[in-house]
There are 2 protein chains.
Amino acid sequence: MKRKSLDREKCPIARTLDVIGDWWSLLIVRDAFLGKRRFGEFQKSLGLAKNILSRRLRKLVSHGVLEVGAASDGSAYQEYVLTEKGRRLLIVLVALRQWGETCLFEEGELDLLLVDQKSGQPVKPLELRSKDGRILGPDDLRTVGTSD
Amino acid sequence: MKRKSLDREKCPIARTLDVIGDWWSLLIVRDAFLGKRRFGEFQKSLGLAKNILSRRLRKLVSHGVLEVGAASDGSAYQEYVLTEKGRRLLIVLVALRQWGETCLFEEGELDLLLVDQKSGQPVKPLELRSKDGRILGPDDLRTVGTSD
DNA sequence: GCTTGATGGTTTAATAAAGCAACCACATTC
DNA sequence: GAATGTGGTTGCTTTATTAAACCATCAAGC
């Protein structure tokens, strides 16, 4: 399960996957978006072993995706909430979700929909666009070095 | 590494992660987008063990993300290319990439940029929008059941 | 203030997966 | 037809995940 260098990866995708690319982290983040905050909530929702959850939470905190704070309900327990960095993962989750919805589900099988609260309408599928607004596909892209 | 039910997951995110959520699959897909097609190319680029590359490729093929075909250079070897389903993962990769770029890299550390081929300009950051065009954040979303 | 039960973990032992190295069949090159 | 490169597989070791037991702290009842 070990990819080579933890930190010296130059590819942003690889580096991202080192932080949230394992089996559970993104599901933890998903649950965090759904309002879950406490250890037990995550554990119950995900059904993973407690020690693993413990490790994942620590890792996510150490990477600044989650932060621990005093419980909002006044109890002495702590809770895990998304940081700004973590909240920026929303678009990643939505991308995964939309891909799953369109590519992995049969007609009519889908029973939960992500909607805009205000209009009640499903959100718009994500699109990749150029600065000037054209929709881009795989063949319209290139990677270039910045150190030229 | 085992999450409970492989197939009966109802959450699109979880189901997606079952297909491409392991340590290597998305990097394989990334390389496929970059034009890599042959076993050896992936192996050299990623530096992963051959047996697990073999497993990952099989899995991706079995899920319809990649397909095997005769080599384009006329040799008797086979090659792995993205299917339509696989190509739709572009947006996921871009989302991961953009998150990594903004949240995991220091100023000036980034040395490769994803640009629109035509204009040479970096692509636009992904945005989550409602059907009528408003930009949405985490708090603007809700999930609703379709079976009501 | 002592017991009971839930919460939030850690430790330990078993198992499953990833990594490594050797090997092998087949194709191509010389 | 010997050598080399490609595309794997097999078996063994190492590492990660899991499940279960254990434990400290907190909250509630009495």
# chains A, B, ... in the order shown; residues from 1 in each chain; ligands from 1
$ calpha_fit_and_write --fixed "chain B" --moving "chain A" --output "PDB file with C-alpha atoms, in the first residue's frame"
ATOM      1  CA  MET A   1      -8.397  -2.645   3.108  1.00  0.00           C
ATOM      2  CA  LYS A   2     -11.767  -4.197   2.615  1.00  0.00           C
ATOM      3  CA  ARG A   3     -14.828  -2.013   2.609  1.00  0.00           C
ATOM      4  CA  LYS A   4     -17.969  -4.001   3.209  1.00  0.00           C
ATOM      5  CA  SER A   5     -20.107  -4.748   0.169  1.00  0.00           C
ATOM      6  CA  LEU A   6     -18.373  -4.392  -3.138  1.00  0.00           C
ATOM      7  CA  ASP A   7     -21.406  -3.871  -5.193  1.00  0.00           C
ATOM      8  CA  ARG A   8     -24.416  -3.088  -3.116  1.00  0.00           C
ATOM      9  CA  GLU A   9     -23.212   0.305  -1.967  1.00  0.00           C
ATOM     10  CA  LYS A  10     -25.949   2.812  -2.459  1.00  0.00           C
ATOM     11  CA  CYS A  11     -23.813   5.899  -2.038  1.00  0.00           C
ATOM     12  CA  PRO A  12     -22.364   6.892  -5.388  1.00  0.00           C
ATOM     13  CA  ILE A  13     -19.218   8.139  -3.748  1.00  0.00           C
ATOM     14  CA  ALA A  14     -18.600   4.875  -1.973  1.00  0.00           C
ATOM     15  CA  ARG A  15     -19.316   2.894  -5.076  1.00  0.00           C
ATOM     16  CA  THR A  16     -16.961   5.037  -7.086  1.00  0.00           C
ATOM     17  CA  LEU A  17     -14.250   4.573  -4.515  1.00  0.00           C
ATOM     18  CA  ASP A  18     -14.689   0.842  -4.773  1.00  0.00           C
ATOM     19  CA  VAL A  19     -13.747   1.090  -8.410  1.00  0.00           C
ATOM     20  CA  ILE A  20     -11.010   3.685  -8.460  1.00  0.00           C
ATOM     21  CA  GLY A  21     -10.427   4.506  -4.817  1.00  0.00           C
ATOM     22  CA  ASP A  22      -7.327   2.507  -4.150  1.00  0.00           C
ATOM     23  CA  TRP A  23      -3.738   3.562  -4.100  1.00  0.00           C
ATOM     24  CA  TRP A  24      -2.929   3.134  -7.745  1.00  0.00           C
ATOM     25  CA  SER A  25      -5.963   3.108  -9.971  1.00  0.00           C
ATOM     26  CA  LEU A  26      -6.337   6.831 -10.358  1.00  0.00           C
ATOM     27  CA  LEU A  27      -2.673   7.219 -11.130  1.00  0.00           C
ATOM     28  CA  ILE A  28      -3.020   4.597 -13.810  1.00  0.00           C
ATOM     29  CA  VAL A  29      -5.954   6.508 -15.223  1.00  0.00           C
ATOM     30  CA  ARG A  30      -3.942   9.702 -15.051  1.00  0.00           C
ATOM     31  CA  ASP A  31      -1.175   8.091 -17.048  1.00  0.00           C
ATOM     32  CA  ALA A  32      -3.710   6.783 -19.503  1.00  0.00           C
ATOM     33  CA  PHE A  33      -4.855  10.361 -20.049  1.00  0.00           C
ATOM     34  CA  LEU A  34      -1.253  11.291 -20.639  1.00  0.00           C
ATOM     35  CA  GLY A  35      -1.148   8.806 -23.480  1.00  0.00           C
ATOM     36  CA  LYS A  36       0.381   5.795 -21.826  1.00  0.00           C
ATOM     37  CA  ARG A  37      -1.032   2.539 -23.107  1.00  0.00           C
ATOM     38  CA  ARG A  38       1.301  -0.336 -22.505  1.00  0.00           C
ATOM     39  CA  PHE A  39       1.923  -2.397 -19.428  1.00  0.00           C
ATOM     40  CA  GLY A  40       5.554  -1.451 -19.346  1.00  0.00           C
ATOM     41  CA  GLU A  41       4.839   2.231 -19.686  1.00  0.00           C
ATOM     42  CA  PHE A  42       2.587   2.228 -16.669  1.00  0.00           C
ATOM     43  CA  GLN A  43       4.975   0.125 -14.684  1.00  0.00           C
ATOM     44  CA  LYS A  44       7.933   2.308 -15.423  1.00  0.00           C
ATOM     45  CA  SER A  45       6.063   5.511 -14.808  1.00  0.00           C
ATOM     46  CA  LEU A  46       4.470   4.462 -11.543  1.00  0.00           C
ATOM     47  CA  GLY A  47       7.129   2.183 -10.158  1.00  0.00           C
ATOM     48  CA  LEU A  48       4.668  -0.261  -8.695  1.00  0.00           C
ATOM     49  CA  ALA A  49       5.068  -4.014  -8.552  1.00  0.00           C
ATOM     50  CA  LYS A  50       4.129  -5.773 -11.728  1.00  0.00           C
ATOM     51  CA  ASN A  51       1.680  -8.131 -10.144  1.00  0.00           C
ATOM     52  CA  ILE A  52      -0.203  -5.260  -8.575  1.00  0.00           C
ATOM     53  CA  LEU A  53      -0.272  -3.375 -11.826  1.00  0.00           C
ATOM     54  CA  SER A  54      -1.583  -6.508 -13.415  1.00  0.00           C
ATOM     55  CA  ARG A  55      -4.383  -6.746 -10.869  1.00  0.00           C
ATOM     56  CA  ARG A  56      -5.264  -3.091 -11.145  1.00  0.00           C
ATOM     57  CA  LEU A  57      -5.400  -3.184 -14.892  1.00  0.00           C
ATOM     58  CA  ARG A  58      -7.622  -6.230 -14.792  1.00  0.00           C
ATOM     59  CA  LYS A  59      -9.887  -4.553 -12.313  1.00  0.00           C
ATOM     60  CA  LEU A  60     -10.118  -1.358 -14.303  1.00  0.00           C
ATOM     61  CA  VAL A  61     -10.859  -3.337 -17.429  1.00  0.00           C
ATOM     62  CA  SER A  62     -13.471  -5.416 -15.663  1.00  0.00           C
ATOM     63  CA  HIS A  63     -15.171  -2.238 -14.526  1.00  0.00           C
ATOM     64  CA  GLY A  64     -15.088  -0.790 -17.984  1.00  0.00           C
ATOM     65  CA  VAL A  65     -12.724   2.060 -17.255  1.00  0.00           C
ATOM     66  CA  LEU A  66     -10.050   0.728 -19.548  1.00  0.00           C
ATOM     67  CA  GLU A  67     -10.274  -1.651 -22.428  1.00  0.00           C
ATOM     68  CA  VAL A  68      -7.645  -3.848 -23.972  1.00  0.00           C
ATOM     69  CA  GLY A  69      -7.000  -3.721 -27.652  1.00  0.00           C
ATOM     70  CA  ALA A  70      -4.387  -4.586 -30.196  1.00  0.00           C
ATOM     71  CA  ALA A  71      -1.357  -2.341 -30.062  1.00  0.00           C
ATOM     72  CA  SER A  72      -1.642   0.693 -32.250  1.00  0.00           C
ATOM     73  CA  ASP A  73       1.944   0.382 -33.463  1.00  0.00           C
ATOM     74  CA  GLY A  74       1.223  -2.903 -35.186  1.00  0.00           C
ATOM     75  CA  SER A  75       3.125  -5.068 -32.744  1.00  0.00           C
ATOM     76  CA  ALA A  76       1.433  -8.160 -31.417  1.00  0.00           C
ATOM     77  CA  TYR A  77       1.214  -6.794 -27.892  1.00  0.00           C
ATOM     78  CA  GLN A  78      -1.938  -5.447 -26.408  1.00  0.00           C
ATOM     79  CA  GLU A  79      -2.582  -2.079 -24.943  1.00  0.00           C
ATOM     80  CA  TYR A  80      -4.878  -0.478 -22.435  1.00  0.00           C
ATOM     81  CA  VAL A  81      -6.883   2.551 -23.403  1.00  0.00           C
ATOM     82  CA  LEU A  82      -9.547   4.551 -21.676  1.00  0.00           C
ATOM     83  CA  THR A  83     -13.144   3.850 -22.496  1.00  0.00           C
ATOM     84  CA  GLU A  84     -15.738   6.601 -22.588  1.00  0.00           C
ATOM     85  CA  LYS A  85     -16.461   5.751 -18.968  1.00  0.00           C
ATOM     86  CA  GLY A  86     -12.803   6.140 -18.189  1.00  0.00           C
ATOM     87  CA  ARG A  87     -12.529   9.394 -20.051  1.00  0.00           C
ATOM     88  CA  ARG A  88     -15.301  10.767 -17.901  1.00  0.00           C
ATOM     89  CA  LEU A  89     -12.922  10.524 -14.979  1.00  0.00           C
ATOM     90  CA  LEU A  90     -11.094  13.533 -16.323  1.00  0.00           C
ATOM     91  CA  ILE A  91     -13.069  15.884 -14.174  1.00  0.00           C
ATOM     92  CA  VAL A  92     -12.265  13.809 -11.080  1.00  0.00           C
ATOM     93  CA  LEU A  93      -8.582  13.989 -11.839  1.00  0.00           C
ATOM     94  CA  VAL A  94      -8.756  17.695 -12.448  1.00  0.00           C
ATOM     95  CA  ALA A  95     -10.598  18.191  -9.181  1.00  0.00           C
ATOM     96  CA  LEU A  96      -7.947  16.239  -7.301  1.00  0.00           C
ATOM     97  CA  ARG A  97      -5.260  18.099  -9.116  1.00  0.00           C
ATOM     98  CA  GLN A  98      -6.640  21.517  -8.403  1.00  0.00           C
ATOM     99  CA  TRP A  99      -7.133  20.687  -4.759  1.00  0.00           C
ATOM    100  CA  GLY A 100      -3.570  19.496  -4.528  1.00  0.00           C
ATOM    101  CA  GLU A 101      -2.263  22.530  -6.316  1.00  0.00           C
ATOM    102  CA  THR A 102      -3.989  25.018  -4.077  1.00  0.00           C
ATOM    103  CA  CYS A 103      -3.853  23.166  -0.771  1.00  0.00           C
ATOM    104  CA  LEU A 104      -0.739  21.050  -0.871  1.00  0.00           C
ATOM    105  CA  PHE A 105       1.858  23.112  -2.678  1.00  0.00           C
ATOM    106  CA  GLU A 106       3.896  26.042  -1.535  1.00  0.00           C
ATOM    107  CA  GLU A 107       4.221  29.176  -3.507  1.00  0.00           C
ATOM    108  CA  GLY A 108       6.521  28.568  -6.433  1.00  0.00           C
ATOM    109  CA  GLU A 109       6.814  24.887  -5.781  1.00  0.00           C
ATOM    110  CA  LEU A 110       4.450  23.942  -8.530  1.00  0.00           C
ATOM    111  CA  ASP A 111       6.308  23.132 -11.671  1.00  0.00           C
ATOM    112  CA  LEU A 112       3.701  21.722 -13.993  1.00  0.00           C
ATOM    113  CA  LEU A 113       0.558  23.446 -15.040  1.00  0.00           C
ATOM    114  CA  LEU A 114      -2.542  22.145 -16.744  1.00  0.00           C
ATOM    115  CA  VAL A 115      -3.376  24.439 -19.603  1.00  0.00           C
ATOM    116  CA  ASP A 116      -5.879  24.713 -22.366  1.00  0.00           C
ATOM    117  CA  GLN A 117      -4.071  23.700 -25.501  1.00  0.00           C
ATOM    118  CA  LYS A 118      -5.646  26.327 -27.670  1.00  0.00           C
ATOM    119  CA  SER A 119      -5.063  29.394 -25.558  1.00  0.00           C
ATOM    120  CA  GLY A 120      -2.129  28.137 -23.519  1.00  0.00           C
ATOM    121  CA  GLN A 121      -3.907  29.501 -20.487  1.00  0.00           C
ATOM    122  CA  PRO A 122      -4.370  27.493 -17.290  1.00  0.00           C
ATOM    123  CA  VAL A 123      -7.787  25.902 -17.077  1.00  0.00           C
ATOM    124  CA  LYS A 124     -10.451  27.507 -14.983  1.00  0.00           C
ATOM    125  CA  PRO A 125     -10.877  26.230 -11.459  1.00  0.00           C
ATOM    126  CA  LEU A 126     -13.867  23.909 -11.223  1.00  0.00           C
ATOM    127  CA  GLU A 127     -16.999  25.364  -9.758  1.00  0.00           C
ATOM    128  CA  LEU A 128     -20.100  23.778  -8.423  1.00  0.00           C
ATOM    129  CA  ARG A 129     -23.166  25.477  -9.791  1.00  0.00           C
ATOM    130  CA  SER A 130     -26.896  25.163  -9.584  1.00  0.00           C
ATOM    131  CA  LYS A 131     -28.952  24.562 -12.672  1.00  0.00           C
ATOM    132  CA  ASP A 132     -29.583  28.267 -12.937  1.00  0.00           C
ATOM    133  CA  GLY A 133     -25.942  29.168 -12.606  1.00  0.00           C
ATOM    134  CA  ARG A 134     -25.398  30.211  -9.008  1.00  0.00           C
ATOM    135  CA  ILE A 135     -22.160  29.037  -7.436  1.00  0.00           C
ATOM    136  CA  LEU A 136     -22.819  26.590  -4.640  1.00  0.00           C
ATOM    137  CA  GLY A 137     -20.916  25.892  -1.450  1.00  0.00           C
ATOM    138  CA  PRO A 138     -21.151  23.089   1.096  1.00  0.00           C
ATOM    139  CA  ASP A 139     -24.069  24.684   2.898  1.00  0.00           C
ATOM    140  CA  ASP A 140     -26.163  25.115  -0.197  1.00  0.00           C
ATOM    141  CA  LEU A 141     -26.523  21.399  -0.717  1.00  0.00           C
ATOM    142  CA  ARG A 142     -28.947  18.779   0.419  1.00  0.00           C
ATOM    143  CA  THR A 143     -29.474  15.173  -0.505  1.00  0.00           C
ATOM    144  CA  VAL A 144     -33.001  14.065  -1.127  1.00  0.00           C
ATOM    145  CA  GLY A 145     -34.546  10.674  -1.729  1.00  0.00           C
ATOM    146  CA  THR A 146     -36.007   9.945  -5.122  1.00  0.00           C
ATOM    147  CA  SER A 147     -38.370   7.314  -3.838  1.00  0.00           C
ATOM    148  CA  ASP A 148     -40.788   9.678  -2.139  1.00  0.00           C
TER     149      ASP A 148
END
$ select_by_dssp --residues "region 12-139 of chain B" --states "alpha helix (DSSP H)" --output "short mmCIF file (atom, residue, chain, number, x, y, z; two decimals) with N, CA and C atoms, in the first residue's frame"
data_model
loop_
_atom_site.label_atom_id
_atom_site.label_comp_id
_atom_site.auth_asym_id
_atom_site.auth_seq_id
_atom_site.Cartn_x
_atom_site.Cartn_y
_atom_site.Cartn_z
N PRO B 12 -23.15 6.86 -4.14
CA PRO B 12 -22.35 6.91 -5.38
C PRO B 12 -20.87 7.16 -5.11
N ILE B 13 -20.58 7.89 -4.06
CA ILE B 13 -19.18 8.15 -3.75
C ILE B 13 -18.50 6.87 -3.32
N ALA B 14 -19.15 6.15 -2.42
CA ALA B 14 -18.57 4.89 -1.95
C ALA B 14 -18.39 3.91 -3.10
N ARG B 15 -19.37 3.86 -3.96
CA ARG B 15 -19.28 2.91 -5.06
C ARG B 15 -18.15 3.29 -6.02
N THR B 16 -18.03 4.57 -6.24
CA THR B 16 -16.93 5.05 -7.08
C THR B 16 -15.58 4.69 -6.47
N LEU B 17 -15.48 4.89 -5.18
CA LEU B 17 -14.21 4.58 -4.52
C LEU B 17 -13.90 3.10 -4.58
N ASP B 18 -14.91 2.28 -4.64
CA ASP B 18 -14.65 0.85 -4.78
C ASP B 18 -14.02 0.52 -6.13
N VAL B 19 -14.28 1.35 -7.10
CA VAL B 19 -13.73 1.09 -8.43
C VAL B 19 -12.35 1.73 -8.60
N ILE B 20 -12.23 2.97 -8.20
CA ILE B 20 -10.98 3.69 -8.47
C ILE B 20 -10.36 4.28 -7.21
N SER B 25 -5.08 3.05 -8.79
CA SER B 25 -5.95 3.12 -9.97
C SER B 25 -6.02 4.51 -10.60
N LEU B 26 -6.19 5.52 -9.78
CA LEU B 26 -6.33 6.85 -10.36
C LEU B 26 -5.04 7.33 -11.01
N LEU B 27 -3.92 6.87 -10.49
CA LEU B 27 -2.66 7.25 -11.13
C LEU B 27 -2.50 6.53 -12.46
N ILE B 28 -3.01 5.32 -12.53
CA ILE B 28 -3.01 4.61 -13.81
C ILE B 28 -3.88 5.37 -14.81
N VAL B 29 -5.03 5.78 -14.34
CA VAL B 29 -5.93 6.53 -15.22
C VAL B 29 -5.28 7.86 -15.65
N ARG B 30 -4.65 8.51 -14.71
CA ARG B 30 -3.93 9.74 -15.05
C ARG B 30 -2.93 9.49 -16.16
N ASP B 31 -2.13 8.43 -16.01
CA ASP B 31 -1.16 8.11 -17.04
C ASP B 31 -1.82 7.77 -18.36
N ALA B 32 -2.95 7.12 -18.28
CA ALA B 32 -3.68 6.80 -19.50
C ALA B 32 -4.10 8.09 -20.22
N PHE B 33 -4.52 9.07 -19.44
CA PHE B 33 -4.84 10.37 -20.05
C PHE B 33 -3.61 11.01 -20.69
N PHE B 39 1.58 -1.91 -20.74
CA PHE B 39 1.93 -2.40 -19.41
C PHE B 39 3.25 -1.80 -18.92
N GLY B 40 4.27 -1.92 -19.75
CA GLY B 40 5.58 -1.47 -19.35
C GLY B 40 5.64 0.03 -19.11
N GLU B 41 4.89 0.78 -19.88
CA GLU B 41 4.87 2.22 -19.69
C GLU B 41 4.31 2.58 -18.32
N PHE B 42 3.20 1.96 -17.98
CA PHE B 42 2.60 2.22 -16.67
C PHE B 42 3.58 1.81 -15.57
N GLN B 43 4.14 0.65 -15.75
CA GLN B 43 4.98 0.12 -14.69
C GLN B 43 6.19 1.00 -14.46
N LYS B 44 6.77 1.44 -15.54
CA LYS B 44 7.96 2.29 -15.42
C LYS B 44 7.59 3.64 -14.82
N SER B 45 6.48 4.18 -15.28
CA SER B 45 6.08 5.50 -14.82
C SER B 45 5.69 5.51 -13.34
N LEU B 46 5.00 4.47 -12.92
CA LEU B 46 4.48 4.47 -11.56
C LEU B 46 5.40 3.79 -10.57
N LYS B 50 4.80 -5.33 -10.58
CA LYS B 50 4.11 -5.80 -11.78
C LYS B 50 2.85 -6.57 -11.47
N ASN B 51 2.91 -7.37 -10.43
CA ASN B 51 1.72 -8.17 -10.12
C ASN B 51 0.56 -7.28 -9.70
N ILE B 52 0.86 -6.21 -9.00
CA ILE B 52 -0.30 -5.42 -8.61
C ILE B 52 -0.76 -4.51 -9.76
N LEU B 53 0.17 -4.10 -10.60
CA LEU B 53 -0.27 -3.39 -11.81
C LEU B 53 -1.19 -4.29 -12.62
N SER B 54 -0.79 -5.52 -12.73
CA SER B 54 -1.58 -6.50 -13.45
C SER B 54 -3.00 -6.59 -12.88
N ARG B 55 -3.07 -6.67 -11.56
CA ARG B 55 -4.38 -6.75 -10.92
C ARG B 55 -5.20 -5.49 -11.15
N ARG B 56 -4.54 -4.34 -11.00
CA ARG B 56 -5.25 -3.08 -11.17
C ARG B 56 -5.79 -2.92 -12.59
N LEU B 57 -4.96 -3.28 -13.55
CA LEU B 57 -5.39 -3.16 -14.94
C LEU B 57 -6.59 -4.07 -15.18
N ARG B 58 -6.49 -5.28 -14.67
CA ARG B 58 -7.62 -6.21 -14.83
C ARG B 58 -8.88 -5.64 -14.21
N LYS B 59 -8.72 -5.09 -13.03
CA LYS B 59 -9.88 -4.54 -12.35
C LYS B 59 -10.48 -3.37 -13.13
N LEU B 60 -9.62 -2.48 -13.58
CA LEU B 60 -10.11 -1.33 -14.32
C LEU B 60 -10.79 -1.77 -15.62
N VAL B 61 -10.22 -2.78 -16.24
CA VAL B 61 -10.85 -3.30 -17.45
C VAL B 61 -12.20 -3.93 -17.11
N SER B 62 -12.21 -4.69 -16.04
CA SER B 62 -13.46 -5.38 -15.68
C SER B 62 -14.56 -4.38 -15.31
N GLU B 84 -14.97 5.38 -22.82
CA GLU B 84 -15.72 6.60 -22.58
C GLU B 84 -15.91 6.82 -21.08
N LYS B 85 -16.29 5.74 -20.42
CA LYS B 85 -16.44 5.78 -18.97
C LYS B 85 -15.16 6.25 -18.30
N GLY B 86 -14.06 5.75 -18.75
CA GLY B 86 -12.78 6.15 -18.19
C GLY B 86 -12.48 7.61 -18.48
N ARG B 87 -12.80 8.03 -19.67
CA ARG B 87 -12.52 9.42 -20.03
C ARG B 87 -13.33 10.39 -19.18
N LEU B 90 -11.95 12.36 -16.18
CA LEU B 90 -11.09 13.55 -16.31
C LEU B 90 -11.41 14.59 -15.26
N ILE B 91 -12.67 14.83 -15.09
CA ILE B 91 -13.06 15.89 -14.16
C ILE B 91 -12.67 15.55 -12.72
N VAL B 92 -12.70 14.26 -12.42
CA VAL B 92 -12.26 13.83 -11.09
C VAL B 92 -10.77 14.12 -10.91
N LEU B 93 -10.01 13.77 -11.91
CA LEU B 93 -8.58 14.01 -11.83
C LEU B 93 -8.27 15.50 -11.73
N VAL B 94 -8.98 16.27 -12.49
CA VAL B 94 -8.75 17.71 -12.45
C VAL B 94 -9.12 18.26 -11.08
N ALA B 95 -10.20 17.76 -10.51
CA ALA B 95 -10.59 18.21 -9.17
C ALA B 95 -9.51 17.87 -8.15
N LEU B 96 -9.01 16.65 -8.22
CA LEU B 96 -7.94 16.25 -7.31
C LEU B 96 -6.71 17.12 -7.52
N ARG B 97 -6.42 17.34 -8.78
CA ARG B 97 -5.25 18.12 -9.12
C ARG B 97 -5.35 19.55 -8.60
N GLN B 98 -6.48 20.16 -8.83
CA GLN B 98 -6.64 21.54 -8.40
C GLN B 98 -6.59 21.66 -6.89
N TRP B 99 -7.19 20.68 -6.22
CA TRP B 99 -7.12 20.72 -4.77
C TRP B 99 -5.68 20.61 -4.31
N GLY B 100 -4.95 19.68 -4.89
CA GLY B 100 -3.55 19.52 -4.54
C GLY B 100 -2.75 20.78 -4.82
N GLU B 101 -3.01 21.37 -5.96
CA GLU B 101 -2.25 22.57 -6.33
C GLU B 101 -2.47 23.70 -5.33
N THR B 102 -3.71 23.89 -4.95
CA THR B 102 -3.97 25.04 -4.08
C THR B 102 -3.75 24.74 -2.61
N CYS B 103 -3.92 23.49 -2.22
CA CYS B 103 -3.85 23.19 -0.79
C CYS B 103 -2.58 22.47 -0.35
#
$ closest_atom_pairs --of "chain D" --to "chain A" --cutoff "9 Å" --atoms "only C-alpha atoms (C1' of nucleotides)" --output "CSV"
residue,atom,partner,partner_atom,distance
D:DT15,C1',A:Met1,CA,7.7
D:DA16,C1',A:Met1,CA,7.3
D:DT17,C1',A:Ile52,CA,7.6
D:DT18,C1',A:Ala49,CA,6.4
D:DA19,C1',A:Ala49,CA,7.4
D:DC26,C1',A:Ala76,CA,7.3
D:DA27,C1',A:Ser75,CA,8.9
$ write_last_selection --atoms "N, CA, C and O atoms (P, O5', C5', C4', C3', O3' and C1' of nucleotides)" --output "compact mmCIF listing (two decimals), in the first residue's frame"
# COMPACT_ATOMS: atom_id res chain seq x y z
P DT D 15 8.23 -3.67 6.37
O5' DT D 15 6.76 -3.06 6.20
C5' DT D 15 6.26 -2.81 4.89
C4' DT D 15 4.76 -2.81 4.91
C3' DT D 15 4.13 -1.99 6.05
O3' DT D 15 3.33 -1.00 5.45
C1' DT D 15 3.03 -4.06 5.77
P DA D 16 2.56 0.16 6.29
O5' DA D 16 1.05 -0.33 6.19
C5' DA D 16 0.54 -0.66 4.90
C4' DA D 16 -0.89 -1.13 4.97
C3' DA D 16 -1.80 -0.34 5.90
O3' DA D 16 -3.02 -0.14 5.21
C1' DA D 16 -1.79 -2.63 6.53
P DT D 17 -4.23 0.65 5.85
O5' DT D 17 -5.22 -0.52 6.27
C5' DT D 17 -5.70 -1.40 5.26
C4' DT D 17 -6.52 -2.51 5.88
C3' DT D 17 -7.68 -2.03 6.77
O3' DT D 17 -8.87 -2.62 6.27
C1' DT D 17 -6.41 -3.72 7.85
P DT D 18 -10.29 -2.25 6.91
O5' DT D 18 -10.55 -3.42 7.97
C5' DT D 18 -10.41 -4.78 7.56
C4' DT D 18 -10.51 -5.72 8.74
C3' DT D 18 -11.60 -5.35 9.76
O3' DT D 18 -12.57 -6.37 9.76
C1' DT D 18 -9.56 -5.98 10.83
P DA D 19 -13.97 -6.19 10.55
O5' DA D 19 -13.85 -7.20 11.77
C5' DA D 19 -12.97 -8.31 11.70
C4' DA D 19 -12.72 -8.85 13.09
C3' DA D 19 -13.81 -8.55 14.12
O3' DA D 19 -13.95 -9.72 14.94
C1' DA D 19 -11.77 -7.69 14.89
P DC D 26 -12.59 13.72 31.75
O5' DC D 26 -14.13 13.45 31.42
C5' DC D 26 -14.53 13.29 30.06
C4' DC D 26 -16.00 12.90 29.99
C3' DC D 26 -16.92 13.74 30.89
O3' DC D 26 -17.89 14.36 30.04
C1' DC D 26 -17.36 11.40 31.12
P DA D 27 -19.21 15.01 30.59
O5' DA D 27 -20.12 13.73 30.69
C5' DA D 27 -20.96 13.34 29.60
C4' DA D 27 -22.24 12.77 30.17
C3' DA D 27 -23.00 13.74 31.09
O3' DA D 27 -24.37 13.72 30.70
C1' DA D 27 -22.47 11.74 32.27
$ interface_residues --of "chain C" --to "chain A" --cutoff "8 Å" --atoms "only C-alpha atoms (C1' of nucleotides)" --output "mmCIF file with N, CA, C and O atoms (P, O5', C5', C4', C3', O3' and C1' of nucleotides), in the first residue's frame"
data_model
loop_
_atom_site.group_PDB
_atom_site.id
_atom_site.type_symbol
_atom_site.label_atom_id
_atom_site.label_comp_id
_atom_site.auth_asym_id
_atom_site.auth_seq_id
_atom_site.Cartn_x
_atom_site.Cartn_y
_atom_site.Cartn_z
ATOM 1 P P DT C 7 -22.766 6.823 22.910
ATOM 2 O "O5'" DT C 7 -21.327 7.446 23.192
ATOM 3 C "C5'" DT C 7 -21.219 8.579 24.042
ATOM 4 C "C4'" DT C 7 -19.754 8.966 24.189
ATOM 5 C "C3'" DT C 7 -18.952 8.912 22.884
ATOM 6 O "O3'" DT C 7 -18.228 10.106 22.774
ATOM 7 C "C1'" DT C 7 -17.848 7.691 24.583
ATOM 8 P P DG C 8 -17.526 10.483 21.394
ATOM 9 O "O5'" DG C 8 -16.030 9.995 21.648
ATOM 10 C "C5'" DG C 8 -15.243 10.656 22.642
ATOM 11 C "C4'" DG C 8 -13.882 9.996 22.741
ATOM 12 C "C3'" DG C 8 -13.212 9.705 21.382
ATOM 13 O "O3'" DG C 8 -11.814 9.967 21.487
ATOM 14 C "C1'" DG C 8 -13.325 7.751 22.633
ATOM 15 P P DG C 9 -10.978 10.260 20.175
ATOM 16 O "O5'" DG C 9 -10.934 8.836 19.434
ATOM 17 C "C5'" DG C 9 -9.778 8.015 19.387
ATOM 18 C "C4'" DG C 9 -9.391 7.449 20.748
ATOM 19 C "C3'" DG C 9 -8.244 6.465 20.698
ATOM 20 O "O3'" DG C 9 -7.025 7.145 20.835
ATOM 21 C "C1'" DG C 9 -9.996 5.721 22.156
ATOM 22 P P DT C 10 -5.739 6.516 20.196
ATOM 23 O "O5'" DT C 10 -5.386 5.273 21.125
ATOM 24 C "C5'" DT C 10 -4.920 5.503 22.459
ATOM 25 C "C4'" DT C 10 -4.487 4.166 23.074
ATOM 26 C "C3'" DT C 10 -3.386 3.452 22.282
ATOM 27 O "O3'" DT C 10 -2.435 2.943 23.212
ATOM 28 C "C1'" DT C 10 -5.272 2.038 22.492
ATOM 29 P P DA C 17 -8.018 -9.073 0.434
ATOM 30 O "O5'" DA C 17 -6.948 -7.987 -0.026
ATOM 31 C "C5'" DA C 17 -6.849 -6.766 0.690
ATOM 32 C "C4'" DA C 17 -5.434 -6.248 0.641
ATOM 33 C "C3'" DA C 17 -4.843 -6.167 -0.774
ATOM 34 O "O3'" DA C 17 -4.530 -4.808 -1.033
ATOM 35 C "C1'" DA C 17 -3.285 -7.078 0.787
ATOM 36 P P DA C 18 -4.028 -4.299 -2.446
ATOM 37 O "O5'" DA C 18 -2.480 -4.055 -2.166
ATOM 38 C "C5'" DA C 18 -2.115 -3.118 -1.170
ATOM 39 C "C4'" DA C 18 -0.617 -3.108 -0.958
ATOM 40 C "C3'" DA C 18 0.202 -2.874 -2.227
ATOM 41 O "O3'" DA C 18 1.229 -1.954 -1.905
ATOM 42 C "C1'" DA C 18 0.892 -4.878 -1.172
#
